[in-house]
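Below is one structure; the comments refer to it alone.
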2 protein chains.
Amino acid sequence: MSALDSWDSPAYSAVSFPSGGAVAKVLDQRKLPWTETYDTVSTWQDMAEAILTMRVRGAPAIGVAAAYGMVLAAFTAPREPELFIRAMEEAARGLVVTRPTAVNLAWAVEHLLAHARKVAGEEPVRRSASCLERARGIHEDDIAACKRMGEHGVALFPDEGTVLTHCNAGALATGGYGTALGLLRAAREHGKKLRVLASETRPYLQGARLTAWELAKDGFDVKIVTDNMVGHLFARKLVSCVVVGADRVARNGDVANKIGTYGLACLAHMHGVRMIVAAPVSTVDLATPNGDAIPIEHRPGSEVTEIALPSGHVSIAPEGVGALHPAFDVTPARLVSAFVTERGVASPLDEASLAKLVAG
Amino acid sequence: MSALDSWDSPAYSAVSFPSGGAVAKVLDQRKLPWTETYDTVSTWQDMAEAILTMRVRGAPAIGVAAAYGMVLAAFTAPREPELFIRAMEEAARGLVVTRPTAVNLAWAVEHLLAHARKVAGEEPVRRSASCLERARGIHEDDIAACKRMGEHGVALFPDEGTVLTHCNAGALATGGYGTALGLLRAAREHGKKLRVLASETRPYLQGARLTAWELAKDGFDVKIVTDNMVGHLFARKLVSCVVVGADRVARNGDVANKIGTYGLACLAHMHGVRMIVAAPVSTVDLATPNGDAIPIEHRPGSEVTEIALPSGHVSIAPEGVGALHPAFDVTPARLVSAFVTERGVASPLDEASLAKLVAG
């Protein structure tokens, strides 16, 4: 049994590459929770499109998806080694530009590109299989990392209490098991009784649509709150701690994550609520000195003024009124109580504790 | 020309009682911004229903609506004085219980009930007309109060900048002109160049649907942001100040307002952004010692998990997953930079400055 089958809810997977085939499968997360639809993706361009349009999202999951995208490029690349490398480089460029904030994407693509260069001289069938093996390795490592992360994080949770999580840093955002939600799964496996509040996470509603979906499916006691209820819940002492994922962590420990995380961290800090961030070491970008250097993706305002429903996009704003849409924000390291990775926990989080963790 | 016709955008009105008739008109705000529909309301029970279902909302507006509800009760009450009073008392009870947090509602109803007692012995036609005159007086006073509030608030705004407002404390939430948005109207009349960001205000989207609608209609430069973007916008210094309304202000200055206001006030405080609250003196409830004593209305979780669209309610959450829905929160007085009323400004806001203002 490989790690790909080993997490507790193999009934669904954000992205996979079924054995024996030459296509990837992507769960269309835009259609959750209404329908569970798996799309067949057979070219790197289609995978880039799936990432760009957020059919697959979540920093670790788009890393895995992009790795499989590189495999798809290998399957269709010309036989001649130099042309093969050129085709792989083109795919790499096309995949990397889809989402600028998450660093796992670039990391996975570069990893596959380096591997492709190494095996370029082999027979097409062998080198494609080798690229697929490498991508599967990234996928398996990601699940295994989530599970180790979970073990490292267990001690941070009370034996009983209510945990707030923002966006979706779960099985759907990773190869499987999840980062922030993986910590909750591990805590439950250790007998801790945790109720979960999922902040709905406008505009994409990843909390209401995805986190609530996967946690309910796994039998968690989960309830939804709107993003603006958090301060009130903290003031009434209804939340024991907060756990979120990360899209990129700078060298000094500043964390880029889904828009709203920074406000949440400020409120947690003001109310003495523990703020836990969980992410694989591949999320740490030592080349980025601090949060100011992390590019924040600005998406179309129409994603705020129109709600994407199964029946189509429905406007919730007056005609002609636009919206701002920064998709991420940056939480300074000092507002993070604990940063949990597969190699251990940095608490407090700062340049020194992070460097030690990354050095492993 | 009465104050009822004198604010700048008489093209729309949350609630009115057209001359010569015996019915009220209520703009169905649940249908905004999609359609501008005015419902005829001819009994106090229908008015209670309109308030309960939030066709009309906003503390001052529901005060005016409830006053007109009492007028409708007077129109249909028995001729005999004692039965008249009993009918008016029944209407008062039925209207007051519709929304527990706003104090203007109870204030307006009690005002009309006291007036009804005074005129109970008069001819039915005369006493109904007298009640209507009283309700119109409350309506006119509310608009006039908003305009005076605006004048008192002008100095709090920069000559140029971006103001964030939450929920809708505008013409739609009052007799007309608005409290928080009235301040923006007055600032513009004084030549100040203010851009407005409207936080969308989940779950009811009053910011996206109502504030954006009325400000765009009035030619303001308004853009929508999701509630969870506020921290990021403050951190990037994109907001000069915040202005909101209030549903109830306790004796010590604690402010109950739409859910999300408290978190906004915390974030404004952390980032040194001025937090302005604007409300008529009738919002101050000296009988409530502090915020802890203000009842917080809890509404159905389905209002969070289902979005009310013109086509009907659409679920955004997995089946079987519920939601919390506190509709208001409490902001401690110390987080309010300035409290603006028709009698002047309390800054800092505390029991003493508030008492002085109310004594006026």
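Residue numbers start at 1 in each chain; chains themselves are named A, B, ... in the order of the structure tokens; ligands are numbered from 1 in the order shown.
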Could you please tell me, as a PyMOL selection string, which residues of chain B have an atom within 8 Å of chain A when using only C-alpha atoms? chain B and resi 33-34+201-203+205+208-209+212-213+216+222-232+259-263+266-267+270+304-305+316-318+321-326+329-330
Please provide the set of residues having any atom within 8 Å of Ala120 of chain A, restricted to only C-alpha atoms, with same-chain residues fewer than 5 positions apart removed, written as a PyMOL selection string. chain A and resi 81-82+84-85+127
Would you save the residues from that selection as a PDB file, in the first residue's frame, using C-alpha atoms?
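In the end it all went to again00.pdb:
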```
ATOM      1  CA  PRO A  81      15.967  14.951 -26.176  1.00  0.00           C
ATOM      2  CA  GLU A  82      16.590  18.636 -26.885  1.00  0.00           C
ATOM      3  CA  PHE A  84      11.782  17.184 -25.166  1.00  0.00           C
ATOM      4  CA  ILE A  85      13.575  19.532 -22.778  1.00  0.00           C
ATOM      5  CA  ARG A 127      11.318   8.804 -19.360  1.00  0.00           C
TER       6      ARG A 127
END
```
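The spacing separating atom CA of Val284 of chain A from atom CA of Gly69 of chain A amounts to 22.3 Å.
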Give the strand (DSSP E) residues of segment 172-297 of chain B, as DSSP finds them on the backbone, and put them as an mmCIF file with N, CA, C and O atoms, in the first residue's frame.
```cif
data_model
loop_
_atom_site.group_PDB
_atom_site.id
_atom_site.type_symbol
_atom_site.label_atom_id
_atom_site.label_comp_id
_atom_site.auth_asym_id
_atom_site.auth_seq_id
_atom_site.Cartn_x
_atom_site.Cartn_y
_atom_site.Cartn_z
ATOM 1 N N LYS B 193 -13.365 65.173 -0.788
ATOM 2 C CA LYS B 193 -13.319 64.158 -1.853
ATOM 3 C C LYS B 193 -13.073 62.791 -1.230
ATOM 4 O O LYS B 193 -11.938 62.410 -0.967
ATOM 5 N N LEU B 194 -14.155 62.066 -0.998
ATOM 6 C CA LEU B 194 -14.038 60.772 -0.325
ATOM 7 C C LEU B 194 -14.420 59.632 -1.257
ATOM 8 O O LEU B 194 -15.484 59.643 -1.871
ATOM 9 N N ARG B 195 -13.505 58.659 -1.348
ATOM 10 C CA ARG B 195 -13.852 57.392 -1.990
ATOM 11 C C ARG B 195 -14.394 56.486 -0.886
ATOM 12 O O ARG B 195 -14.008 56.616 0.282
ATOM 13 N N VAL B 196 -15.303 55.597 -1.239
ATOM 14 C CA VAL B 196 -15.916 54.740 -0.227
ATOM 15 C C VAL B 196 -15.662 53.272 -0.535
ATOM 16 O O VAL B 196 -15.784 52.849 -1.691
ATOM 17 N N LEU B 197 -15.281 52.517 0.488
ATOM 18 C CA LEU B 197 -15.248 51.058 0.389
ATOM 19 C C LEU B 197 -16.392 50.529 1.243
ATOM 20 O O LEU B 197 -16.522 50.891 2.417
ATOM 21 N N ALA B 198 -17.239 49.711 0.643
ATOM 22 C CA ALA B 198 -18.361 49.110 1.371
ATOM 23 C C ALA B 198 -18.018 47.648 1.643
ATOM 24 O O ALA B 198 -17.844 46.875 0.698
ATOM 25 N N SER B 199 -17.868 47.286 2.925
ATOM 26 C CA SER B 199 -17.644 45.857 3.212
ATOM 27 C C SER B 199 -18.978 45.151 2.995
ATOM 28 O O SER B 199 -20.033 45.624 3.411
ATOM 29 N N VAL B 222 -17.728 54.321 -5.189
ATOM 30 C CA VAL B 222 -17.834 53.257 -4.188
ATOM 31 C C VAL B 222 -17.391 51.929 -4.783
ATOM 32 O O VAL B 222 -17.692 51.612 -5.944
ATOM 33 N N LYS B 223 -16.632 51.178 -3.991
ATOM 34 C CA LYS B 223 -16.219 49.836 -4.378
ATOM 35 C C LYS B 223 -16.543 48.884 -3.223
ATOM 36 O O LYS B 223 -16.573 49.277 -2.058
ATOM 37 N N ILE B 224 -16.745 47.617 -3.584
ATOM 38 C CA ILE B 224 -17.088 46.608 -2.588
ATOM 39 C C ILE B 224 -15.837 45.829 -2.184
ATOM 40 O O ILE B 224 -14.976 45.574 -3.017
ATOM 41 N N VAL B 225 -15.752 45.477 -0.904
ATOM 42 C CA VAL B 225 -14.718 44.535 -0.445
ATOM 43 C C VAL B 225 -15.407 43.461 0.387
ATOM 44 O O VAL B 225 -16.473 43.704 0.965
ATOM 45 N N CYS B 241 -10.343 56.206 7.312
ATOM 46 C CA CYS B 241 -11.145 56.064 8.520
ATOM 47 C C CYS B 241 -12.351 55.167 8.244
ATOM 48 O O CYS B 241 -12.650 54.843 7.096
ATOM 49 N N VAL B 242 -12.986 54.757 9.338
ATOM 50 C CA VAL B 242 -14.148 53.875 9.258
ATOM 51 C C VAL B 242 -15.349 54.633 9.799
ATOM 52 O O VAL B 242 -15.224 55.347 10.796
ATOM 53 N N VAL B 243 -16.507 54.506 9.167
ATOM 54 C CA VAL B 243 -17.726 55.097 9.722
ATOM 55 C C VAL B 243 -18.859 54.074 9.630
ATOM 56 O O VAL B 243 -19.071 53.456 8.595
ATOM 57 N N VAL B 244 -19.518 53.880 10.762
ATOM 58 C CA VAL B 244 -20.627 52.916 10.832
ATOM 59 C C VAL B 244 -21.781 53.531 11.623
ATOM 60 O O VAL B 244 -21.615 54.562 12.279
ATOM 61 N N ARG B 248 -27.762 50.089 19.036
ATOM 62 C CA ARG B 248 -28.033 50.519 20.400
ATOM 63 C C ARG B 248 -26.716 50.942 21.035
ATOM 64 O O ARG B 248 -25.686 50.301 20.840
ATOM 65 N N VAL B 249 -26.768 52.024 21.795
ATOM 66 C CA VAL B 249 -25.588 52.471 22.526
ATOM 67 C C VAL B 249 -25.927 52.432 24.007
ATOM 68 O O VAL B 249 -26.912 53.032 24.446
ATOM 69 N N ALA B 250 -25.135 51.684 24.777
ATOM 70 C CA ALA B 250 -25.381 51.567 26.214
ATOM 71 C C ALA B 250 -24.926 52.824 26.947
ATOM 72 O O ALA B 250 -24.239 53.670 26.383
ATOM 73 N N VAL B 255 -21.247 50.005 22.003
ATOM 74 C CA VAL B 255 -22.090 50.123 20.809
ATOM 75 C C VAL B 255 -22.467 48.745 20.263
ATOM 76 O O VAL B 255 -21.597 47.955 19.911
ATOM 77 N N ALA B 256 -23.758 48.467 20.187
ATOM 78 C CA ALA B 256 -24.204 47.272 19.456
ATOM 79 C C ALA B 256 -24.465 47.692 18.023
ATOM 80 O O ALA B 256 -25.128 48.692 17.758
ATOM 81 N N ASN B 257 -23.900 46.925 17.101
ATOM 82 C CA ASN B 257 -24.131 47.205 15.680
ATOM 83 C C ASN B 257 -23.995 45.890 14.927
ATOM 84 O O ASN B 257 -23.702 44.845 15.511
ATOM 85 N N LYS B 258 -24.226 45.939 13.645
ATOM 86 C CA LYS B 258 -24.206 44.753 12.780
ATOM 87 C C LYS B 258 -22.994 43.875 13.048
ATOM 88 O O LYS B 258 -21.893 44.373 13.247
ATOM 89 N N ARG B 274 -9.086 55.746 12.461
ATOM 90 C CA ARG B 274 -10.183 56.350 13.221
ATOM 91 C C ARG B 274 -11.497 55.588 12.998
ATOM 92 O O ARG B 274 -11.866 55.309 11.866
ATOM 93 N N MET B 275 -12.178 55.284 14.092
ATOM 94 C CA MET B 275 -13.444 54.528 14.038
ATOM 95 C C MET B 275 -14.563 55.454 14.475
ATOM 96 O O MET B 275 -14.681 55.811 15.656
ATOM 97 N N ILE B 276 -15.413 55.869 13.515
ATOM 98 C CA ILE B 276 -16.487 56.821 13.792
ATOM 99 C C ILE B 276 -17.825 56.073 13.823
ATOM 100 O O ILE B 276 -18.114 55.283 12.930
ATOM 101 N N VAL B 277 -18.618 56.326 14.854
ATOM 102 C CA VAL B 277 -19.958 55.758 14.940
ATOM 103 C C VAL B 277 -20.947 56.919 14.885
ATOM 104 O O VAL B 277 -20.784 57.908 15.601
ATOM 105 N N ALA B 278 -21.970 56.819 14.031
ATOM 106 C CA ALA B 278 -22.966 57.889 13.896
ATOM 107 C C ALA B 278 -24.351 57.312 14.147
ATOM 108 O O ALA B 278 -24.723 56.302 13.557
ATOM 109 N N VAL B 284 -29.337 55.823 21.935
ATOM 110 C CA VAL B 284 -28.714 55.672 23.250
ATOM 111 C C VAL B 284 -29.763 55.167 24.237
ATOM 112 O O VAL B 284 -30.840 55.735 24.350
ATOM 113 N N ASP B 285 -29.438 54.093 24.916
ATOM 114 C CA ASP B 285 -30.363 53.499 25.882
ATOM 115 C C ASP B 285 -29.753 53.594 27.279
ATOM 116 O O ASP B 285 -28.964 52.748 27.678
#
```
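Atom pair atom CA of Thr283 of chain B / atom CA of Pro300 of chain B: separated by 25.1 Å.
Rounded to one decimal, atom CA of Arg126 of chain B and atom CA of Val71 of chain B lie 12.0 Å from each other.
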Using only C-alpha atoms, determine which residues lie at most 12 Å from Glu89 of chain B, disregarding the query and same-chain residues fewer than 5 positions distant; provide the list as a PyMOL selection string. chain B and resi 44+70+73-74+77+82-84+94-96+109-117
Just to be explicit: take each residue in the selection above, keep N, CA, C and O atoms, and write the result as a PDB file, in the first residue's frame.
```
ATOM      1  N   TRP B  44     -50.964  46.739  11.053  1.00  0.00           N
ATOM      2  CA  TRP B  44     -49.751  46.727  11.873  1.00  0.00           C
ATOM      3  C   TRP B  44     -49.087  45.361  11.826  1.00  0.00           C
ATOM      4  O   TRP B  44     -47.867  45.255  11.902  1.00  0.00           O
ATOM      5  N   MET B  70     -47.950  51.635  14.112  1.00  0.00           N
ATOM      6  CA  MET B  70     -48.887  52.065  15.149  1.00  0.00           C
ATOM      7  C   MET B  70     -50.017  52.902  14.542  1.00  0.00           C
ATOM      8  O   MET B  70     -51.169  52.830  14.976  1.00  0.00           O
ATOM      9  N   ALA B  73     -52.447  50.626  13.099  1.00  0.00           N
ATOM     10  CA  ALA B  73     -53.281  50.067  14.169  1.00  0.00           C
ATOM     11  C   ALA B  73     -54.370  51.049  14.564  1.00  0.00           C
ATOM     12  O   ALA B  73     -55.534  50.668  14.783  1.00  0.00           O
ATOM     13  N   ALA B  74     -54.014  52.338  14.629  1.00  0.00           N
ATOM     14  CA  ALA B  74     -54.998  53.369  15.002  1.00  0.00           C
ATOM     15  C   ALA B  74     -56.120  53.446  13.967  1.00  0.00           C
ATOM     16  O   ALA B  74     -57.298  53.613  14.317  1.00  0.00           O
ATOM     17  N   ALA B  77     -58.416  50.406  14.673  1.00  0.00           N
ATOM     18  CA  ALA B  77     -58.799  50.087  16.055  1.00  0.00           C
ATOM     19  C   ALA B  77     -60.281  50.402  16.304  1.00  0.00           C
ATOM     20  O   ALA B  77     -60.868  51.239  15.611  1.00  0.00           O
ATOM     21  N   GLU B  82     -61.388  52.769  25.429  1.00  0.00           N
ATOM     22  CA  GLU B  82     -60.647  51.740  26.161  1.00  0.00           C
ATOM     23  C   GLU B  82     -60.219  50.612  25.224  1.00  0.00           C
ATOM     24  O   GLU B  82     -59.099  50.094  25.328  1.00  0.00           O
ATOM     25  N   LEU B  83     -61.117  50.246  24.296  1.00  0.00           N
ATOM     26  CA  LEU B  83     -60.775  49.199  23.326  1.00  0.00           C
ATOM     27  C   LEU B  83     -59.688  49.692  22.365  1.00  0.00           C
ATOM     28  O   LEU B  83     -58.817  48.936  21.942  1.00  0.00           O
ATOM     29  N   PHE B  84     -59.764  50.980  22.033  1.00  0.00           N
ATOM     30  CA  PHE B  84     -58.746  51.605  21.184  1.00  0.00           C
ATOM     31  C   PHE B  84     -57.364  51.455  21.833  1.00  0.00           C
ATOM     32  O   PHE B  84     -56.412  50.989  21.222  1.00  0.00           O
ATOM     33  N   GLY B  94     -46.760  43.615  19.630  1.00  0.00           N
ATOM     34  CA  GLY B  94     -46.450  42.857  18.411  1.00  0.00           C
ATOM     35  C   GLY B  94     -45.321  43.470  17.603  1.00  0.00           C
ATOM     36  O   GLY B  94     -44.532  42.758  16.976  1.00  0.00           O
ATOM     37  N   LEU B  95     -45.232  44.790  17.623  1.00  0.00           N
ATOM     38  CA  LEU B  95     -44.178  45.457  16.859  1.00  0.00           C
ATOM     39  C   LEU B  95     -42.836  45.392  17.582  1.00  0.00           C
ATOM     40  O   LEU B  95     -41.792  45.180  16.968  1.00  0.00           O
ATOM     41  N   VAL B  96     -42.867  45.555  18.902  1.00  0.00           N
ATOM     42  CA  VAL B  96     -41.612  45.634  19.667  1.00  0.00           C
ATOM     43  C   VAL B  96     -40.828  44.331  19.622  1.00  0.00           C
ATOM     44  O   VAL B  96     -39.595  44.339  19.599  1.00  0.00           O
ATOM     45  N   VAL B 109     -42.320  53.105  19.189  1.00  0.00           N
ATOM     46  CA  VAL B 109     -43.591  52.462  19.518  1.00  0.00           C
ATOM     47  C   VAL B 109     -44.152  53.048  20.818  1.00  0.00           C
ATOM     48  O   VAL B 109     -45.342  53.384  20.910  1.00  0.00           O
ATOM     49  N   GLU B 110     -43.299  53.178  21.820  1.00  0.00           N
ATOM     50  CA  GLU B 110     -43.756  53.738  23.103  1.00  0.00           C
ATOM     51  C   GLU B 110     -44.221  55.184  22.947  1.00  0.00           C
ATOM     52  O   GLU B 110     -45.187  55.614  23.569  1.00  0.00           O
ATOM     53  N   HIS B 111     -43.495  55.910  22.109  1.00  0.00           N
ATOM     54  CA  HIS B 111     -43.858  57.285  21.832  1.00  0.00           C
ATOM     55  C   HIS B 111     -45.269  57.355  21.233  1.00  0.00           C
ATOM     56  O   HIS B 111     -46.104  58.150  21.674  1.00  0.00           O
ATOM     57  N   LEU B 112     -45.536  56.513  20.248  1.00  0.00           N
ATOM     58  CA  LEU B 112     -46.855  56.495  19.604  1.00  0.00           C
ATOM     59  C   LEU B 112     -47.927  55.997  20.571  1.00  0.00           C
ATOM     60  O   LEU B 112     -49.067  56.479  20.563  1.00  0.00           O
ATOM     61  N   LEU B 113     -47.568  55.025  21.415  1.00  0.00           N
ATOM     62  CA  LEU B 113     -48.539  54.481  22.362  1.00  0.00           C
ATOM     63  C   LEU B 113     -48.944  55.562  23.373  1.00  0.00           C
ATOM     64  O   LEU B 113     -50.137  55.729  23.689  1.00  0.00           O
ATOM     65  N   ALA B 114     -47.959  56.306  23.851  1.00  0.00           N
ATOM     66  CA  ALA B 114     -48.246  57.396  24.793  1.00  0.00           C
ATOM     67  C   ALA B 114     -49.154  58.429  24.127  1.00  0.00           C
ATOM     68  O   ALA B 114     -50.114  58.926  24.735  1.00  0.00           O
ATOM     69  N   HIS B 115     -48.856  58.718  22.857  1.00  0.00           N
ATOM     70  CA  HIS B 115     -49.679  59.681  22.136  1.00  0.00           C
ATOM     71  C   HIS B 115     -51.110  59.147  21.967  1.00  0.00           C
ATOM     72  O   HIS B 115     -52.087  59.888  22.146  1.00  0.00           O
ATOM     73  N   ALA B 116     -51.226  57.858  21.637  1.00  0.00           N
ATOM     74  CA  ALA B 116     -52.543  57.232  21.453  1.00  0.00           C
ATOM     75  C   ALA B 116     -53.367  57.351  22.730  1.00  0.00           C
ATOM     76  O   ALA B 116     -54.571  57.642  22.697  1.00  0.00           O
ATOM     77  N   ARG B 117     -52.712  57.119  23.870  1.00  0.00           N
ATOM     78  CA  ARG B 117     -53.420  57.226  25.156  1.00  0.00           C
ATOM     79  C   ARG B 117     -53.977  58.635  25.341  1.00  0.00           C
ATOM     80  O   ARG B 117     -55.071  58.834  25.840  1.00  0.00           O
TER      81      ARG B 117
END
```
Could you give me, as a list in words, the residues within 12 Å of Pro100 of chain B, counting only C-alpha atoms and dropping anything in the same chain fewer than 2 positions from it? Ile51, Leu52, Ala59, Ile62, Arg93, Gly94, Leu95, Val96, Val97, Thr98, Ala102, Val103, Asn104, Leu105, Ala106, Trp107, Asp247, Arg248, Ala256, Ile294, Pro295, Ile296, Glu297, His298, Arg299, Ala327 and Phe328 of chain B
All residues 9 Å or closer to segment 342-358 of chain A, only C-alpha atoms, same chain fewer than 5 positions away omitted, as number ranges by chain: A: 144-153, 250-254, 278-282, 284, 286, 333-337
Any chance you could list, as a PyMOL selection string, the residues in segment 114-281 of chain B that come up alpha helix (DSSP H) when DSSP is run on the backbone? chain B and resi 114-119+124-153+180-189+206+212-217+230-235+261-270
List as a list in words the protein and nucleic acid residues near Ser240 of chain B, meaning an atom at most 8 Å away when only C-alpha atoms are counted, but skip any in the same chain fewer than 4 places from it. Pro158, Gly161, Thr162, Val163, Leu164, Val273 and Arg274 of chain B
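Closest approach to Thr40 of chain B from the set B:Ala187, B:Ala22, B:Ala129, B:Val154 is made by B:Ala22, with distances taken over only C-alpha atoms.
Counting only C-alpha atoms, Ala169 of chain B has the following residues at most 8 Å away, ignoring those fewer than 5 positions along the same chain: Gly58, Thr174, Gly178, Thr179, Ala180, Leu181, Thr211, Val244 and Gly245 of chain B.
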